[in-house]
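A.B. asks: Contents of input.csv (CSV, C-alpha atoms) are below:
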```csv
chain,number,residue,atom,x,y,z
A,123,MET,CA,0.0,0.0,0.0
A,124,ASP,CA,1.1,3.5,-0.7
A,125,ILE,CA,1.8,5.8,2.2
A,126,MET,CA,-0.4,8.9,2.1
A,127,SER,CA,1.2,12.4,2.2
A,128,SER,CA,-0.6,14.8,4.5
A,129,ALA,CA,-1.2,17.0,1.4
A,130,HIS,CA,-3.7,14.3,0.4
A,131,VAL,CA,-5.6,14.2,3.7
A,132,ALA,CA,-8.0,16.9,4.8
A,133,LEU,CA,-10.6,17.4,7.5
A,134,ARG,CA,-13.9,19.0,6.5
A,135,PRO,CA,-16.6,19.9,9.1
A,136,LEU,CA,-19.4,17.4,8.9
A,137,ASP,CA,-22.6,18.6,7.2
A,138,GLU,CA,-25.7,16.7,5.9
A,139,ALA,CA,-24.1,15.9,2.5
A,140,LEU,CA,-20.9,14.6,4.1
A,141,LEU,CA,-23.0,12.7,6.7
A,142,ASP,CA,-24.5,10.6,3.9
A,143,ALA,CA,-21.1,9.9,2.5
A,144,LEU,CA,-19.7,9.1,6.0
A,145,ALA,CA,-22.6,6.7,6.7
A,146,ALA,CA,-21.9,4.9,3.3
A,147,THR,CA,-18.2,4.6,4.2
A,148,ALA,CA,-19.0,3.3,7.6
A,149,ALA,CA,-21.4,0.7,6.3
A,150,ALA,CA,-19.1,-0.4,3.5
A,151,ASP,CA,-15.7,-0.3,5.2
A,152,ALA,CA,-16.1,-0.6,9.1
A,153,ASP,CA,-17.9,-2.5,11.7
A,154,PRO,CA,-20.7,-0.8,13.6
A,155,GLY,CA,-18.8,-1.1,17.0
A,156,GLU,CA,-15.8,0.7,15.5
A,157,VAL,CA,-17.8,3.8,14.5
A,158,MET,CA,-20.7,4.3,16.8
A,159,PRO,CA,-22.0,3.5,20.3
A,160,PRO,CA,-23.6,0.1,20.7
A,161,ALA,CA,-27.1,-0.1,19.4
A,162,GLU,CA,-29.4,-2.7,21.1
A,163,ASP,CA,-31.6,-3.5,18.1
A,164,GLY,CA,-31.3,-7.3,18.5
A,165,SER,CA,-30.3,-7.9,14.9
A,166,GLY,CA,-26.9,-9.5,15.4
A,167,PRO,CA,-23.6,-8.4,14.1
A,168,GLY,CA,-23.0,-6.1,11.1
A,169,TRP,CA,-24.9,-3.2,9.5
A,170,THR,CA,-28.7,-3.1,9.2
A,171,ASP,CA,-31.0,-0.3,8.1
A,172,ALA,CA,-31.7,0.4,11.8
A,173,ARG,CA,-28.0,0.7,12.6
A,174,ARG,CA,-27.3,3.0,9.7
A,175,GLU,CA,-30.3,5.2,10.8
A,176,ALA,CA,-28.9,5.2,14.4
A,177,PHE,CA,-25.5,6.2,13.0
A,178,VAL,CA,-27.0,9.2,11.2
A,179,ARG,CA,-29.2,10.1,14.2
A,180,PHE,CA,-26.2,10.0,16.5
A,181,HIS,CA,-24.2,12.5,14.4
A,182,ARG,CA,-27.2,14.8,13.9
A,183,SER,CA,-27.8,14.8,17.7
A,184,ARG,CA,-24.2,15.5,18.6
A,185,SER,CA,-22.5,17.6,15.8
A,186,LEU,CA,-25.2,18.8,13.5
A,187,ARG,CA,-27.6,20.3,16.0
A,188,ALA,CA,-27.9,24.1,16.6
A,189,ASP,CA,-25.7,23.8,19.7
A,190,PRO,CA,-23.3,21.0,18.9
A,191,VAL,CA,-21.6,19.1,21.8
A,192,GLU,CA,-18.7,18.1,19.6
A,193,THR,CA,-17.1,19.0,16.3
A,194,VAL,CA,-17.0,16.2,13.8
A,195,TYR,CA,-14.9,16.2,10.7
A,196,ALA,CA,-15.1,14.0,7.6
A,197,VAL,CA,-11.7,12.7,6.9
A,198,LEU,CA,-11.1,13.2,3.2
A,199,VAL,CA,-8.4,11.6,1.1
A,200,THR,CA,-7.5,12.5,-2.5
A,201,GLU,CA,-6.3,9.6,-4.6
A,202,PRO,CA,-6.1,8.7,-8.3
A,203,GLY,CA,-9.4,7.4,-9.5
A,204,GLU,CA,-9.9,4.6,-12.0
A,205,ASP,CA,-9.4,7.2,-14.8
A,206,GLY,CA,-6.2,8.5,-13.2
A,207,ARG,CA,-7.8,11.8,-12.2
A,208,PRO,CA,-7.7,12.9,-8.5
A,209,ARG,CA,-10.7,11.6,-6.6
A,210,GLU,CA,-11.8,12.8,-3.2
A,211,ALA,CA,-13.2,10.1,-0.9
A,212,VAL,CA,-14.5,10.1,2.7
A,213,ALA,CA,-12.2,7.7,4.6
A,214,GLY,CA,-13.6,8.1,8.1
A,215,ALA,CA,-14.3,10.7,10.8
A,216,ALA,CA,-12.4,12.6,13.4
A,217,ARG,CA,-13.9,14.6,16.3
A,218,LEU,CA,-13.0,17.1,19.0
A,219,VAL,CA,-15.1,17.4,22.1
A,220,PRO,CA,-14.5,19.4,25.3
A,221,ALA,CA,-12.6,17.2,27.8
A,222,PRO,CA,-13.2,17.2,31.6
A,223,GLU,CA,-10.0,19.1,32.2
A,224,PRO,CA,-10.2,22.9,31.6
A,225,GLY,CA,-8.4,24.0,28.5
A,226,ALA,CA,-8.4,20.4,27.0
A,227,VAL,CA,-10.3,18.7,24.2
A,228,GLU,CA,-10.8,15.0,23.5
A,229,ALA,CA,-10.0,13.7,20.1
A,230,GLY,CA,-11.4,10.6,18.4
A,231,LEU,CA,-10.8,9.0,15.0
A,232,TRP,CA,-11.9,6.1,12.9
A,233,LEU,CA,-10.9,5.1,9.4
A,234,GLY,CA,-12.5,2.6,7.1
A,235,ARG,CA,-10.5,-0.7,6.8
A,236,SER,CA,-9.3,0.2,3.2
A,237,HIS,CA,-7.7,3.4,4.5
A,238,ARG,CA,-5.8,1.9,7.5
A,239,GLY,CA,-2.0,1.4,7.6
A,240,ARG,CA,-1.3,4.1,5.1
A,241,GLY,CA,-0.3,7.1,7.2
A,242,ILE,CA,-3.7,8.7,7.1
A,243,GLY,CA,-4.3,8.4,10.8
A,244,THR,CA,-1.0,10.1,11.5
A,245,ALA,CA,-1.9,13.0,9.2
A,246,VAL,CA,-5.3,13.3,10.8
A,247,PHE,CA,-3.9,13.4,14.3
A,248,ALA,CA,-1.6,16.3,13.2
A,249,LEU,CA,-4.6,18.1,11.7
A,250,LEU,CA,-6.6,17.5,14.9
A,251,LEU,CA,-3.8,19.0,17.0
A,252,ASP,CA,-3.8,22.1,14.7
A,253,GLU,CA,-7.6,22.4,15.1
A,254,ALA,CA,-7.4,22.0,18.8
A,255,ARG,CA,-4.7,24.7,19.1
A,256,ALA,CA,-6.8,27.0,16.8
A,257,ALA,CA,-9.7,26.5,19.2
A,258,GLY,CA,-7.5,27.6,22.1
A,259,ALA,CA,-7.0,24.1,23.7
A,260,ALA,CA,-3.8,23.7,25.6
A,261,ARG,CA,-4.0,19.9,25.8
A,262,LEU,CA,-5.5,17.0,23.8
A,263,LEU,CA,-6.8,13.8,25.2
A,264,ALA,CA,-7.3,10.5,23.3
A,265,ARG,CA,-8.7,7.2,24.5
A,266,THR,CA,-8.4,3.7,23.0
A,267,HIS,CA,-8.3,0.1,24.2
A,268,GLU,CA,-5.1,-1.8,24.9
A,269,THR,CA,-6.0,-4.2,22.1
A,270,ASN,CA,-5.9,-1.4,19.5
A,271,ALA,CA,-2.2,-1.6,18.7
A,272,ALA,CA,-2.4,0.7,15.7
A,273,ALA,CA,-4.0,3.5,17.8
A,274,ARG,CA,-1.4,3.0,20.5
A,275,ARG,CA,1.5,3.3,17.9
A,276,LEU,CA,0.0,6.4,16.4
A,277,LEU,CA,-0.4,8.1,19.8
A,278,ALA,CA,3.1,7.1,21.0
A,279,ALA,CA,4.6,8.3,17.7
A,280,ALA,CA,2.8,11.7,18.1
A,281,GLY,CA,4.6,12.1,21.4
A,282,THR,CA,1.7,11.6,23.8
A,283,GLY,CA,2.0,10.1,27.2
A,284,LEU,CA,0.2,6.7,27.3
A,285,GLU,CA,-1.5,5.7,30.5
A,286,PHE,CA,-2.7,2.1,30.8
A,287,HIS,CA,-5.7,1.3,33.1
A,288,GLY,CA,-6.8,-1.9,34.7
A,289,ASP,CA,-10.0,-2.0,32.7
A,290,GLY,CA,-8.1,-2.3,29.4
A,291,THR,CA,-8.5,1.4,28.4
A,292,VAL,CA,-5.5,3.5,27.5
A,293,THR,CA,-5.5,7.3,27.7
A,294,ALA,CA,-3.1,9.6,26.0
A,295,TRP,CA,-2.4,13.3,26.6
A,296,TRP,CA,-0.6,15.6,24.3
A,297,PRO,CA,1.5,17.2,25.4
A,298,PRO,CA,2.3,14.6,28.2
A,299,ALA,CA,2.0,15.9,31.7
A,300,GLY,CA,4.9,18.1,32.7
A,301,ARG,CA,5.8,19.0,29.1
A,302,ARG,CA,5.0,22.2,27.4
A,303,PRO,CA,3.6,22.1,23.9
A,304,PRO,CA,6.0,23.1,21.1
A,305,ALA,CA,5.7,26.8,20.1
```
Can you dump the structure from the file as structure tokens?
C.D. replies:
Amino acid sequence: MDIMSSAHVALRPLDEALLDALAATAAADADPGEVMPPAEDGSGPGWTDARREAFVRFHRSRSLRADPVETVYAVLVTEPGEDGRPREAVAGAARLVPAPEPGAVEAGLWLGRSHRGRGIGTAVFALLLDEARAAGAARLLARTHETNAAARRLLAAAGTGLEFHGDGTVTAWWPPAGRRPPA
């Protein structure tokens, strides 16, 4: 797989048109548990019409409402299409939400399977740091699970401080406690 340059990765604030594309990417290229809170609809694993509707409702209720509780971005990648011309595609989503600590935001990210392992997550994390700084945040928090080796590698490579917890969760702060952010 080719490694993506950050020039080919962009964040665009989520809107209704991008939400449709994001829902299509999620259903085609990710598992529901990777991209949304658990939905108790009794239909077993995988995507259903009810899960897709729940995904759309979730984003409308959190980031597309009049007073959003979080900022969600569509992760866009530009790659050559079948005809060789540049094609922009929704690869996943990233988010920033106020964290419990004053002056901090929490970041989240998911990418469709076909976009993983290509440097896109690293580029997105750098863009999220830029967005957090522009919004006035002094620190950024990210959470993952200890079984998510790719996320742990990404966060460690970004210079975060990883904290492992007994319940299997991992938290990461950028900059780590006691370090000042680069100017």
A.B. asks: Compile a residue-level contact table for stretch 139-161 of chain A against stretch 205-214 of chain A at a cut-off of 9 Å, reporting for every qualifying residue the shortest atom pair and its distance in Å to one decimal, with all atoms listed in the file counted, rows ordered by chain and ascending number, as JSON lines.
C.D. replies:
```
{"residue": "A:Leu140", "atom": "CA", "partner": "A:Val212", "partner_atom": "CA", "distance": 7.9}
{"residue": "A:Ala143", "atom": "CA", "partner": "A:Val212", "partner_atom": "CA", "distance": 6.6}
{"residue": "A:Leu144", "atom": "CA", "partner": "A:Val212", "partner_atom": "CA", "distance": 6.2}
{"residue": "A:Thr147", "atom": "CA", "partner": "A:Ala213", "partner_atom": "CA", "distance": 6.8}
{"residue": "A:Ala148", "atom": "CA", "partner": "A:Gly214", "partner_atom": "CA", "distance": 7.2}
{"residue": "A:Asp151", "atom": "CA", "partner": "A:Ala213", "partner_atom": "CA", "distance": 8.8}
{"residue": "A:Val157", "atom": "CA", "partner": "A:Gly214", "partner_atom": "CA", "distance": 8.8}
```
A.B. asks: If we count all atoms listed in the file, what is near stretch 189-195 of chain A at a cut-off of 10 Å, once residues fewer than 6 positions away on the same chain are taken out, given as JSON, numbers by chain?
C.D. replies: {"A": [132, 133, 134, 135, 136, 137, 140, 141, 144, 181, 182, 183, 214, 215, 216, 217, 218, 219, 220, 227, 228, 229, 230, 231, 250]}
A.B. asks: Tell me which of A:Arg265, A:Ala272, A:Ser185, A:Glu138 sits closest to A:Phe286, counting all atoms listed in the file.
C.D. replies: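 Using all atoms listed in the file, A:Phe286 sits closest to A:Arg265.
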A.B. asks: Find the spatial neighbours of A:Ala271, counting all atoms listed in the file, within a cut-off of 12 Å - ignore same-chain residues fewer than 5 positions away - and output them as a list in words.
C.D. replies: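 Everything that qualifies: Gly239, Thr266, Leu276, Leu277, Ala278, Thr291 and Val292 of chain A.
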A.B. asks: Using all atoms listed in the file, pick whichever of A:Val178, A:Leu262, A:Ala294, A:Ala146 has the shortest atom-to-atom distance to A:Met158.
C.D. replies: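 Selected residue with least distance to A:Met158: A:Val178.
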A.B. asks: Using only C-alpha atoms, which residues sit within 12 Å of A:Ala176 once same-chain residues fewer than 4 positions away are excluded, as JSON, numbers by chain?
C.D. replies: {"A": [145, 149, 154, 157, 158, 159, 160, 161, 162, 163, 169, 170, 171, 172, 180, 181, 182, 183]}
